[in-house]
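Colleague: What follows is a structure written as structure tokens; I'll ask about it next.
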Amino acid sequence: MDKLHKISLSTGSRSQFLDITARVQEIISREKVKDGLALVWVPHTTAGLTINENADPDVVRDILASLDKRFPWDDGYGHSEGNSAAHIKSSLMGCQKTLIVQDGRLALGTWQGLYFCEFDGPRKREVWVKIVEG
Amino acid sequence: MDKLHKISLSTGSRSQFLDITARVQEIISREKVKDGLALVWVPHTTAGLTINENADPDVVRDILASLDKRFPWDDGYGHSEGNSAAHIKSSLMGCQKTLIVQDGRLALGTWQGLYFCEFDGPRKREVWVKIVEG
Amino acid sequence: MDKLHKISLSTGSRSQFLDITARVQEIISREKVKDGLALVWVPHTTAGLTINENADPDVVRDILASLDKRFPWDDGYGHSEGNSAAHIKSSLMGCQKTLIVQDGRLALGTWQGLYFCEFDGPRKREVWVKIVEG
């Protein structure tokens, strides 16, 4: 599985969580992976990844609002681009998550979805997926 | 190593860290894994995993208290179940950690333990472990 | 790839981010790894790892300052060593990151660097690297 798979995304606002679970599952299914690990990687420094509830959209709204409140957009930052809050939130959520592939499917809890976290949009973004069978 | 290993847990309070290092090591030992990676996964969205000090129990108490202070239980959330703070803390700690297996043992620093983080207990919980040798 | 690779570091202040990307790439190159995953692990409980911008040094300064502001050194902690803030920041950044190795190189976005996060220095520290080809 030496390929690096790429997913293209367009985000629509400054802060936004996009459920990309089905996009990653598509790659697993297309490549006929049975068992192993899928490393999902965001090659950007003002975005991230998280796994959280995919049922009530208020959950991701509450997470975004809480991060905005604790790590406000204006806070006496030194970085001249003015988007330091987005960099901080990127480090807090992290840019990489490793998922289990079991019997050809991502092994997830009932309410779990994998979210791309936009913290400085709207932008065109990429997500990379690397599979290791085992 | 195509199996998905499952650990069952019962938590005893709303917020609690449980050291599960020995439970994961048991699986490594039973499966006679020599070298590789062990992906530990929590299939819940109001719990997580972290690695921190296992010597003085005040350390995990301080971490829990600090998270509670910064991400309070009541904070004008929209999610009707009222447990948004637990979802936020789940995303901050993360639901997956990848550990090194070396010569049949989890490779950990002297003071490191792997903790299951309960943020909305008490509940019955699961932890999944996927091993990739390499 | 059954070896566990170790990097030695000396940090110079209480809170500091050190770019260790080249140190990890050196191991990949020396071991002639073509494709797979590199798990980077910090065996300490008052330090961590993060991936963020490597262009403007103000970015990592802003991240450190923001973490210090939200998780202050003195905050009524119980842990007698007095460094609970460092333990909390270790759990927030995490002590392990899994990176993609593709065609003999760490696969990183244009502005991404891998940082060792010192939260209780200055100290001598270690970073471990485990490679799984696949």
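Every chain in the structure tokens has a letter given in the order shown (A, B, ...), and although residue numbers restart at 1 in each chain, ligands are simply numbered from 1 in the order shown.
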Identify every residue of chain A that has at least one atom within 9 Å of any atom of chain B, counting only C-alpha atoms, and report the result as an mmCIF file with N, CA, C and O atoms, in the first residue's frame.

Modeller:
```cif
data_model
loop_
_atom_site.group_PDB
_atom_site.id
_atom_site.type_symbol
_atom_site.label_atom_id
_atom_site.label_comp_id
_atom_site.auth_asym_id
_atom_site.auth_seq_id
_atom_site.Cartn_x
_atom_site.Cartn_y
_atom_site.Cartn_z
ATOM 1 N N LYS A 34 -8.364 -4.844 3.919
ATOM 2 C CA LYS A 34 -9.155 -5.667 4.838
ATOM 3 C C LYS A 34 -8.888 -5.271 6.291
ATOM 4 O O LYS A 34 -9.808 -5.027 7.065
ATOM 5 N N ASP A 35 -7.610 -5.204 6.660
ATOM 6 C CA ASP A 35 -7.236 -4.991 8.050
ATOM 7 C C ASP A 35 -5.977 -4.149 8.129
ATOM 8 O O ASP A 35 -5.060 -4.333 7.332
ATOM 9 N N GLY A 36 -5.948 -3.262 9.132
ATOM 10 C CA GLY A 36 -4.738 -2.472 9.320
ATOM 11 C C GLY A 36 -5.062 -1.122 9.912
ATOM 12 O O GLY A 36 -6.049 -0.949 10.640
ATOM 13 N N LEU A 37 -4.203 -0.155 9.620
ATOM 14 C CA LEU A 37 -4.365 1.203 10.135
ATOM 15 C C LEU A 37 -4.466 2.184 8.977
ATOM 16 O O LEU A 37 -3.812 2.005 7.944
ATOM 17 N N THR A 50 -10.654 15.907 14.180
ATOM 18 C CA THR A 50 -11.123 15.371 15.456
ATOM 19 C C THR A 50 -12.178 14.316 15.199
ATOM 20 O O THR A 50 -12.764 14.258 14.105
ATOM 21 N N ILE A 51 -12.387 13.460 16.187
ATOM 22 C CA ILE A 51 -13.438 12.448 16.125
ATOM 23 C C ILE A 51 -14.449 12.814 17.204
ATOM 24 O O ILE A 51 -14.075 12.996 18.372
ATOM 25 N N ASN A 52 -15.703 12.992 16.801
ATOM 26 C CA ASN A 52 -16.715 13.316 17.797
ATOM 27 C C ASN A 52 -18.097 12.951 17.263
ATOM 28 O O ASN A 52 -18.196 12.319 16.211
ATOM 29 N N GLU A 53 -19.137 13.363 17.992
ATOM 30 C CA GLU A 53 -20.499 12.915 17.675
ATOM 31 C C GLU A 53 -20.994 13.402 16.318
ATOM 32 O O GLU A 53 -20.863 14.577 15.976
ATOM 33 N N ASP A 56 -26.153 14.793 16.623
ATOM 34 C CA ASP A 56 -26.713 16.133 16.819
ATOM 35 C C ASP A 56 -25.677 17.187 16.400
ATOM 36 O O ASP A 56 -24.622 17.306 17.026
ATOM 37 N N PRO A 57 -25.969 17.959 15.339
ATOM 38 C CA PRO A 57 -25.002 18.969 14.876
ATOM 39 C C PRO A 57 -24.688 20.037 15.925
ATOM 40 O O PRO A 57 -23.697 20.761 15.793
ATOM 41 N N ASP A 58 -25.500 20.147 16.969
ATOM 42 C CA ASP A 58 -25.200 21.094 18.050
ATOM 43 C C ASP A 58 -23.900 20.730 18.772
ATOM 44 O O ASP A 58 -23.248 21.595 19.352
ATOM 45 N N VAL A 59 -23.505 19.461 18.758
ATOM 46 C CA VAL A 59 -22.278 19.068 19.452
ATOM 47 C C VAL A 59 -21.077 19.753 18.809
ATOM 48 O O VAL A 59 -20.276 20.387 19.498
ATOM 49 N N VAL A 60 -20.921 19.645 17.493
ATOM 50 C CA VAL A 60 -19.750 20.278 16.880
ATOM 51 C C VAL A 60 -19.858 21.804 16.953
ATOM 52 O O VAL A 60 -18.857 22.502 17.102
ATOM 53 N N ARG A 61 -21.061 22.337 16.897
ATOM 54 C CA ARG A 61 -21.226 23.788 17.086
ATOM 55 C C ARG A 61 -20.759 24.209 18.476
ATOM 56 O O ARG A 61 -20.091 25.233 18.626
ATOM 57 N N ASP A 62 -21.092 23.428 19.491
ATOM 58 C CA ASP A 62 -20.669 23.744 20.865
ATOM 59 C C ASP A 62 -19.142 23.648 21.009
ATOM 60 O O ASP A 62 -18.532 24.449 21.718
ATOM 61 N N ILE A 63 -18.538 22.652 20.361
ATOM 62 C CA ILE A 63 -17.077 22.514 20.436
ATOM 63 C C ILE A 63 -16.408 23.738 19.793
ATOM 64 O O ILE A 63 -15.506 24.350 20.376
ATOM 65 N N LEU A 64 -16.864 24.113 18.607
ATOM 66 C CA LEU A 64 -16.303 25.284 17.919
ATOM 67 C C LEU A 64 -16.470 26.548 18.749
ATOM 68 O O LEU A 64 -15.533 27.348 18.880
ATOM 69 N N ALA A 65 -17.673 26.750 19.321
ATOM 70 C CA ALA A 65 -17.939 27.959 20.109
ATOM 71 C C ALA A 65 -17.061 27.995 21.355
ATOM 72 O O ALA A 65 -16.535 29.056 21.734
ATOM 73 N N SER A 66 -16.873 26.840 21.987
ATOM 74 C CA SER A 66 -16.066 26.789 23.205
ATOM 75 C C SER A 66 -14.602 27.088 22.895
ATOM 76 O O SER A 66 -13.930 27.836 23.630
ATOM 77 N N LEU A 67 -14.083 26.533 21.802
ATOM 78 C CA LEU A 67 -12.696 26.828 21.412
ATOM 79 C C LEU A 67 -12.531 28.314 21.090
ATOM 80 O O LEU A 67 -11.530 28.935 21.455
ATOM 81 N N ARG A 70 -12.392 30.306 24.433
ATOM 82 C CA ARG A 70 -11.139 30.171 25.221
ATOM 83 C C ARG A 70 -9.913 30.642 24.466
ATOM 84 O O ARG A 70 -8.915 31.023 25.082
ATOM 85 N N LEU A 92 -4.276 22.037 19.182
ATOM 86 C CA LEU A 92 -5.123 21.406 20.201
ATOM 87 C C LEU A 92 -5.886 20.194 19.653
ATOM 88 O O LEU A 92 -6.015 19.175 20.330
ATOM 89 N N MET A 93 -6.406 20.325 18.439
ATOM 90 C CA MET A 93 -7.128 19.183 17.848
ATOM 91 C C MET A 93 -6.128 18.181 17.250
ATOM 92 O O MET A 93 -6.349 16.975 17.259
ATOM 93 N N GLY A 94 -5.001 18.682 16.737
ATOM 94 C CA GLY A 94 -4.017 17.815 16.091
ATOM 95 C C GLY A 94 -4.312 17.662 14.616
ATOM 96 O O GLY A 94 -5.474 17.771 14.184
ATOM 97 N N LYS A 97 -4.765 11.675 12.784
ATOM 98 C CA LYS A 97 -5.483 10.672 13.577
ATOM 99 C C LYS A 97 -5.262 9.332 12.891
ATOM 100 O O LYS A 97 -5.294 9.253 11.661
ATOM 101 N N THR A 98 -5.044 8.294 13.686
ATOM 102 C CA THR A 98 -4.887 6.953 13.141
ATOM 103 C C THR A 98 -6.155 6.169 13.430
ATOM 104 O O THR A 98 -6.597 6.108 14.582
ATOM 105 N N LEU A 99 -6.737 5.598 12.391
ATOM 106 C CA LEU A 99 -7.993 4.859 12.536
ATOM 107 C C LEU A 99 -7.769 3.378 12.274
ATOM 108 O O LEU A 99 -6.866 2.998 11.528
ATOM 109 N N ILE A 100 -8.616 2.554 12.880
ATOM 110 C CA ILE A 100 -8.558 1.099 12.697
ATOM 111 C C ILE A 100 -9.362 0.709 11.468
ATOM 112 O O ILE A 100 -10.490 1.177 11.292
ATOM 113 N N VAL A 101 -8.781 -0.142 10.622
ATOM 114 C CA VAL A 101 -9.548 -0.782 9.550
ATOM 115 C C VAL A 101 -9.731 -2.243 9.922
ATOM 116 O O VAL A 101 -8.752 -2.947 10.194
ATOM 117 N N GLN A 102 -10.982 -2.681 9.984
ATOM 118 C CA GLN A 102 -11.297 -4.049 10.417
ATOM 119 C C GLN A 102 -12.322 -4.631 9.446
ATOM 120 O O GLN A 102 -13.385 -4.043 9.256
ATOM 121 N N ASP A 103 -11.999 -5.738 8.805
ATOM 122 C CA ASP A 103 -12.920 -6.375 7.854
ATOM 123 C C ASP A 103 -13.391 -5.383 6.789
ATOM 124 O O ASP A 103 -14.576 -5.352 6.440
ATOM 125 N N ALA A 107 -13.293 1.072 11.875
ATOM 126 C CA ALA A 107 -13.923 0.631 13.123
ATOM 127 C C ALA A 107 -14.201 1.859 13.979
ATOM 128 O O ALA A 107 -13.272 2.462 14.530
ATOM 129 N N LEU A 108 -15.464 2.239 14.061
ATOM 130 C CA LEU A 108 -15.870 3.446 14.786
ATOM 131 C C LEU A 108 -16.994 3.113 15.758
ATOM 132 O O LEU A 108 -17.784 2.199 15.492
ATOM 133 N N GLY A 109 -17.088 3.863 16.849
ATOM 134 C CA GLY A 109 -18.231 3.743 17.735
ATOM 135 C C GLY A 109 -19.496 4.227 17.032
ATOM 136 O O GLY A 109 -19.431 4.961 16.034
ATOM 137 N N THR A 110 -20.636 3.869 17.609
ATOM 138 C CA THR A 110 -21.942 4.166 17.001
ATOM 139 C C THR A 110 -22.107 5.635 16.621
ATOM 140 O O THR A 110 -22.673 5.956 15.585
ATOM 141 N N TRP A 111 -21.627 6.537 17.488
ATOM 142 C CA TRP A 111 -21.881 7.961 17.270
ATOM 143 C C TRP A 111 -20.653 8.720 16.760
ATOM 144 O O TRP A 111 -20.647 9.943 16.711
ATOM 145 N N GLN A 112 -19.605 7.979 16.398
ATOM 146 C CA GLN A 112 -18.361 8.657 16.011
ATOM 147 C C GLN A 112 -18.290 8.995 14.524
ATOM 148 O O GLN A 112 -18.538 8.141 13.668
ATOM 149 N N VAL A 132 -1.598 1.288 6.171
ATOM 150 C CA VAL A 132 -0.625 0.227 6.449
ATOM 151 C C VAL A 132 -1.422 -1.016 6.827
ATOM 152 O O VAL A 132 -2.171 -1.004 7.815
ATOM 153 N N GLU A 133 -1.313 -2.064 6.025
ATOM 154 C CA GLU A 133 -2.028 -3.300 6.333
ATOM 155 C C GLU A 133 -1.254 -4.102 7.367
ATOM 156 O O GLU A 133 -0.033 -4.007 7.455
ATOM 157 N N GLY A 134 -2.006 -4.910 8.133
ATOM 158 C CA GLY A 134 -1.273 -5.665 9.171
ATOM 159 C C GLY A 134 -2.180 -6.562 9.954
ATOM 160 O O GLY A 134 -3.324 -6.315 10.087
#
```

Colleague: Pick out the residues sitting within 9 Å of Thr21 of chain C, and hand them over as a PDB file with all heavy atoms, in the first residue's frame; count only C-alpha atoms, and ignore anything fewer than 4 positions along from it in its own chain.

Modeller:
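This is the output file result-v2.pdb:
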```pdb
ATOM      1  N   GLN C  25      13.862  13.002  10.124  1.00  0.00           N
ATOM      2  CA  GLN C  25      14.179  12.684   8.714  1.00  0.00           C
ATOM      3  C   GLN C  25      15.528  11.973   8.590  1.00  0.00           C
ATOM      4  O   GLN C  25      15.671  11.045   7.769  1.00  0.00           O
ATOM      5  CB  GLN C  25      14.171  13.960   7.866  1.00  0.00           C
ATOM      6  CG  GLN C  25      14.504  13.739   6.386  1.00  0.00           C
ATOM      7  CD  GLN C  25      13.513  12.791   5.706  1.00  0.00           C
ATOM      8  OE1 GLN C  25      12.307  12.976   5.770  1.00  0.00           O
ATOM      9  NE2 GLN C  25      14.019  11.738   5.065  1.00  0.00           N
ATOM     10  N   GLU C  26      16.490  12.382   9.385  1.00  0.00           N
ATOM     11  CA  GLU C  26      17.818  11.735   9.403  1.00  0.00           C
ATOM     12  C   GLU C  26      17.713  10.230   9.649  1.00  0.00           C
ATOM     13  O   GLU C  26      18.414   9.437   9.019  1.00  0.00           O
ATOM     14  CB  GLU C  26      18.631  12.291  10.594  1.00  0.00           C
ATOM     15  CG  GLU C  26      19.809  13.150  10.267  1.00  0.00           C
ATOM     16  CD  GLU C  26      20.375  13.753  11.550  1.00  0.00           C
ATOM     17  OE1 GLU C  26      20.714  12.993  12.497  1.00  0.00           O
ATOM     18  OE2 GLU C  26      20.441  15.010  11.624  1.00  0.00           O
ATOM     19  N   LEU C 106       9.547  12.225   5.035  1.00  0.00           N
ATOM     20  CA  LEU C 106       8.362  12.554   5.812  1.00  0.00           C
ATOM     21  C   LEU C 106       7.431  13.371   4.921  1.00  0.00           C
ATOM     22  O   LEU C 106       7.878  14.343   4.292  1.00  0.00           O
ATOM     23  CB  LEU C 106       8.744  13.393   7.044  1.00  0.00           C
ATOM     24  CG  LEU C 106       9.555  12.677   8.119  1.00  0.00           C
ATOM     25  CD1 LEU C 106      10.033  13.687   9.161  1.00  0.00           C
ATOM     26  CD2 LEU C 106       8.749  11.571   8.786  1.00  0.00           C
ATOM     27  N   GLY C 113       6.179  21.831  10.496  1.00  0.00           N
ATOM     28  CA  GLY C 113       7.347  21.294  11.175  1.00  0.00           C
ATOM     29  C   GLY C 113       6.878  20.491  12.376  1.00  0.00           C
ATOM     30  O   GLY C 113       5.809  20.759  12.944  1.00  0.00           O
ATOM     31  N   LEU C 114       7.687  19.506  12.773  1.00  0.00           N
ATOM     32  CA  LEU C 114       7.382  18.719  13.979  1.00  0.00           C
ATOM     33  C   LEU C 114       8.163  19.314  15.141  1.00  0.00           C
ATOM     34  O   LEU C 114       9.395  19.425  15.081  1.00  0.00           O
ATOM     35  CB  LEU C 114       7.795  17.253  13.773  1.00  0.00           C
ATOM     36  CG  LEU C 114       7.692  16.348  15.016  1.00  0.00           C
ATOM     37  CD1 LEU C 114       6.248  16.173  15.466  1.00  0.00           C
ATOM     38  CD2 LEU C 114       8.319  14.971  14.728  1.00  0.00           C
ATOM     39  N   TYR C 115       7.439  19.711  16.187  1.00  0.00           N
ATOM     40  CA  TYR C 115       8.069  20.366  17.329  1.00  0.00           C
ATOM     41  C   TYR C 115       8.045  19.500  18.588  1.00  0.00           C
ATOM     42  O   TYR C 115       7.000  18.934  18.935  1.00  0.00           O
ATOM     43  CB  TYR C 115       7.351  21.675  17.669  1.00  0.00           C
ATOM     44  CG  TYR C 115       7.620  22.758  16.668  1.00  0.00           C
ATOM     45  CD1 TYR C 115       6.777  22.956  15.574  1.00  0.00           C
ATOM     46  CD2 TYR C 115       8.739  23.569  16.795  1.00  0.00           C
ATOM     47  CE1 TYR C 115       7.044  23.951  14.641  1.00  0.00           C
ATOM     48  CE2 TYR C 115       9.013  24.567  15.869  1.00  0.00           C
ATOM     49  CZ  TYR C 115       8.156  24.738  14.798  1.00  0.00           C
ATOM     50  OH  TYR C 115       8.428  25.712  13.873  1.00  0.00           O
TER      51      TYR C 115
END
```

Colleague: Given the choices B:Val33, B:Leu49, B:Val24, B:Cys117, which gets closest to Lys6 of chain B if the distance is worked out from only C-alpha atoms?

Modeller: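 Comparing B:Val33, B:Leu49, B:Val24, B:Cys117 against Lys6 of chain B, the winner is B:Val24.
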
Colleague: Among chain C, which residues does DSSP mark as alpha helix (DSSP H) when it is run on the backbone? Keep the chain and numbering as in the structure and answer as JSON, numbers by chain.

Modeller: {"C": [21, 22, 23, 24, 25, 26, 27, 28, 29, 30, 57, 58, 59, 60, 61, 62, 63, 64, 65, 66, 67, 68, 69, 70, 84, 85, 86, 87, 88, 89, 90, 91, 92, 93]}

Colleague: Please report the interatomic distance between atom CA of Lys32 of chain C and atom CA of Arg105 of chain B in Å with one decimal.

Modeller: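 Interatomic distance here is 25.6 Å.
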
Colleague: May I have all residues of segment 33-122 of chain B that DSSP, computed from the backbone, assigns to strand (DSSP E or B), given as a PyMOL selection string?

Modeller: chain B and resi 36-41+47-53+96-102+105-106+112-118

Colleague: Please produce an output containing N, CA, C and O atoms for each residue in the selection, written as a JSON list (two decimals), in the first residue's frame.

Modeller:
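Below is the file that was written, part.json:
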```json
[["chain", "number", "residue", "atom", "x", "y", "z"],
["B", 36, "GLY", "N", 6.18, -3.61, 17.09],
["B", 36, "GLY", "CA", 5.19, -3.00, 16.22],
["B", 36, "GLY", "C", 4.49, -1.85, 16.90],
["B", 36, "GLY", "O", 5.05, -1.19, 17.80],
["B", 37, "LEU", "N", 3.25, -1.59, 16.47],
["B", 37, "LEU", "CA", 2.46, -0.50, 17.02],
["B", 37, "LEU", "C", 1.16, -1.07, 17.59],
["B", 37, "LEU", "O", 0.59, -2.02, 17.03],
["B", 38, "ALA", "N", 0.70, -0.48, 18.68],
["B", 38, "ALA", "CA", -0.61, -0.82, 19.25],
["B", 38, "ALA", "C", -1.46, 0.44, 19.22],
["B", 38, "ALA", "O", -1.15, 1.42, 19.91],
["B", 39, "LEU", "N", -2.51, 0.43, 18.39],
["B", 39, "LEU", "CA", -3.43, 1.56, 18.36],
["B", 39, "LEU", "C", -4.54, 1.31, 19.36],
["B", 39, "LEU", "O", -5.25, 0.30, 19.28],
["B", 40, "VAL", "N", -4.67, 2.24, 20.32],
["B", 40, "VAL", "CA", -5.70, 2.13, 21.35],
["B", 40, "VAL", "C", -6.80, 3.15, 21.00],
["B", 40, "VAL", "O", -6.49, 4.32, 20.72],
["B", 41, "TRP", "N", -8.05, 2.68, 21.00],
["B", 41, "TRP", "CA", -9.16, 3.48, 20.48],
["B", 41, "TRP", "C", -10.34, 3.45, 21.45],
["B", 41, "TRP", "O", -10.73, 2.36, 21.91],
["B", 47, "ALA", "N", -15.59, 10.52, 26.12],
["B", 47, "ALA", "CA", -14.47, 9.94, 26.85],
["B", 47, "ALA", "C", -13.23, 10.10, 25.97],
["B", 47, "ALA", "O", -13.33, 10.54, 24.82],
["B", 48, "GLY", "N", -12.06, 9.76, 26.49],
["B", 48, "GLY", "CA", -10.85, 9.90, 25.69],
["B", 48, "GLY", "C", -9.72, 9.09, 26.27],
["B", 48, "GLY", "O", -9.93, 8.21, 27.12],
["B", 49, "LEU", "N", -8.52, 9.39, 25.80],
["B", 49, "LEU", "CA", -7.30, 8.72, 26.25],
["B", 49, "LEU", "C", -6.22, 9.77, 26.44],
["B", 49, "LEU", "O", -6.13, 10.73, 25.67],
["B", 50, "THR", "N", -5.37, 9.58, 27.46],
["B", 50, "THR", "CA", -4.19, 10.42, 27.56],
["B", 50, "THR", "C", -3.08, 9.62, 28.22],
["B", 50, "THR", "O", -3.33, 8.61, 28.89],
["B", 51, "ILE", "N", -1.85, 10.08, 28.01],
["B", 51, "ILE", "CA", -0.68, 9.48, 28.65],
["B", 51, "ILE", "C", -0.13, 10.54, 29.59],
["B", 51, "ILE", "O", 0.13, 11.68, 29.17],
["B", 52, "ASN", "N", 0.00, 10.19, 30.88],
["B", 52, "ASN", "CA", 0.55, 11.14, 31.83],
["B", 52, "ASN", "C", 1.10, 10.41, 33.04],
["B", 52, "ASN", "O", 1.18, 9.18, 33.03],
["B", 53, "GLU", "N", 1.47, 11.19, 34.07],
["B", 53, "GLU", "CA", 2.18, 10.60, 35.21],
["B", 53, "GLU", "C", 1.33, 9.60, 35.99],
["B", 53, "GLU", "O", 0.18, 9.85, 36.32],
["B", 96, "GLN", "N", -7.80, 8.38, 20.47],
["B", 96, "GLN", "CA", -6.89, 7.36, 19.96],
["B", 96, "GLN", "C", -5.45, 7.74, 20.26],
["B", 96, "GLN", "O", -5.07, 8.90, 20.16],
["B", 97, "LYS", "N", -4.68, 6.74, 20.70],
["B", 97, "LYS", "CA", -3.24, 6.92, 20.94],
["B", 97, "LYS", "C", -2.55, 5.69, 20.34],
["B", 97, "LYS", "O", -3.04, 4.57, 20.49],
["B", 98, "THR", "N", -1.42, 5.93, 19.70],
["B", 98, "THR", "CA", -0.64, 4.82, 19.15],
["B", 98, "THR", "C", 0.59, 4.63, 20.02],
["B", 98, "THR", "O", 1.33, 5.58, 20.28],
["B", 99, "LEU", "N", 0.79, 3.40, 20.49],
["B", 99, "LEU", "CA", 1.91, 3.10, 21.39],
["B", 99, "LEU", "C", 2.91, 2.18, 20.70],
["B", 99, "LEU", "O", 2.56, 1.42, 19.79],
["B", 100, "ILE", "N", 4.15, 2.26, 21.14],
["B", 100, "ILE", "CA", 5.22, 1.42, 20.60],
["B", 100, "ILE", "C", 5.26, 0.10, 21.36],
["B", 100, "ILE", "O", 5.19, 0.10, 22.59],
["B", 101, "VAL", "N", 5.35, -1.00, 20.62],
["B", 101, "VAL", "CA", 5.65, -2.30, 21.24],
["B", 101, "VAL", "C", 7.08, -2.66, 20.86],
["B", 101, "VAL", "O", 7.42, -2.68, 19.67],
["B", 102, "GLN", "N", 7.89, -2.92, 21.87],
["B", 102, "GLN", "CA", 9.31, -3.21, 21.65],
["B", 102, "GLN", "C", 9.71, -4.40, 22.53],
["B", 102, "GLN", "O", 9.54, -4.34, 23.75],
["B", 105, "ARG", "N", 7.06, -5.58, 25.00],
["B", 105, "ARG", "CA", 6.56, -4.65, 26.03],
["B", 105, "ARG", "C", 6.14, -3.32, 25.41],
["B", 105, "ARG", "O", 6.76, -2.87, 24.44],
["B", 106, "LEU", "N", 5.13, -2.67, 26.00],
["B", 106, "LEU", "CA", 4.84, -1.28, 25.65],
["B", 106, "LEU", "C", 6.06, -0.45, 26.04],
["B", 106, "LEU", "O", 6.56, -0.56, 27.17],
["B", 112, "GLN", "N", 5.29, 7.20, 32.82],
["B", 112, "GLN", "CA", 4.11, 7.27, 31.95],
["B", 112, "GLN", "C", 3.13, 6.13, 32.17],
["B", 112, "GLN", "O", 3.51, 4.96, 32.23],
["B", 113, "GLY", "N", 1.85, 6.48, 32.25],
["B", 113, "GLY", "CA", 0.76, 5.51, 32.24],
["B", 113, "GLY", "C", -0.25, 5.92, 31.18],
["B", 113, "GLY", "O", -0.36, 7.11, 30.84],
["B", 114, "LEU", "N", -0.98, 4.94, 30.63],
["B", 114, "LEU", "CA", -2.04, 5.22, 29.66],
["B", 114, "LEU", "C", -3.36, 5.28, 30.42],
["B", 114, "LEU", "O", -3.74, 4.31, 31.08],
["B", 115, "TYR", "N", -4.04, 6.42, 30.30],
["B", 115, "TYR", "CA", -5.30, 6.61, 31.04],
["B", 115, "TYR", "C", -6.52, 6.65, 30.12],
["B", 115, "TYR", "O", -6.51, 7.34, 29.10],
["B", 116, "PHE", "N", -7.55, 5.91, 30.52],
["B", 116, "PHE", "CA", -8.88, 6.12, 29.96],
["B", 116, "PHE", "C", -9.47, 7.33, 30.67],
["B", 116, "PHE", "O", -9.46, 7.40, 31.91],
["B", 117, "CYS", "N", -9.98, 8.29, 29.91],
["B", 117, "CYS", "CA", -10.52, 9.54, 30.48],
["B", 117, "CYS", "C", -12.05, 9.51, 30.41],
["B", 117, "CYS", "O", -12.62, 9.64, 29.32],
["B", 118, "GLU", "N", -12.68, 9.34, 31.52],
["B", 118, "GLU", "CA", -14.14, 9.42, 31.59],
["B", 118, "GLU", "C", -14.54, 10.88, 31.81],
["B", 118, "GLU", "O", -14.03, 11.53, 32.73]]
```

Colleague: Pick out the residues sitting within 12 Å of Ser13 of chain C, and hand them over as a ChimeraX atom specification; count only C-alpha atoms, and ignore anything fewer than 6 positions along from it in its own chain.

Modeller: /C:117-124

Colleague: So what do you get for atom CA of Ser10 of chain B versus atom CA of Ile28 of chain B, distance-wise?

Modeller: 21.8 Å
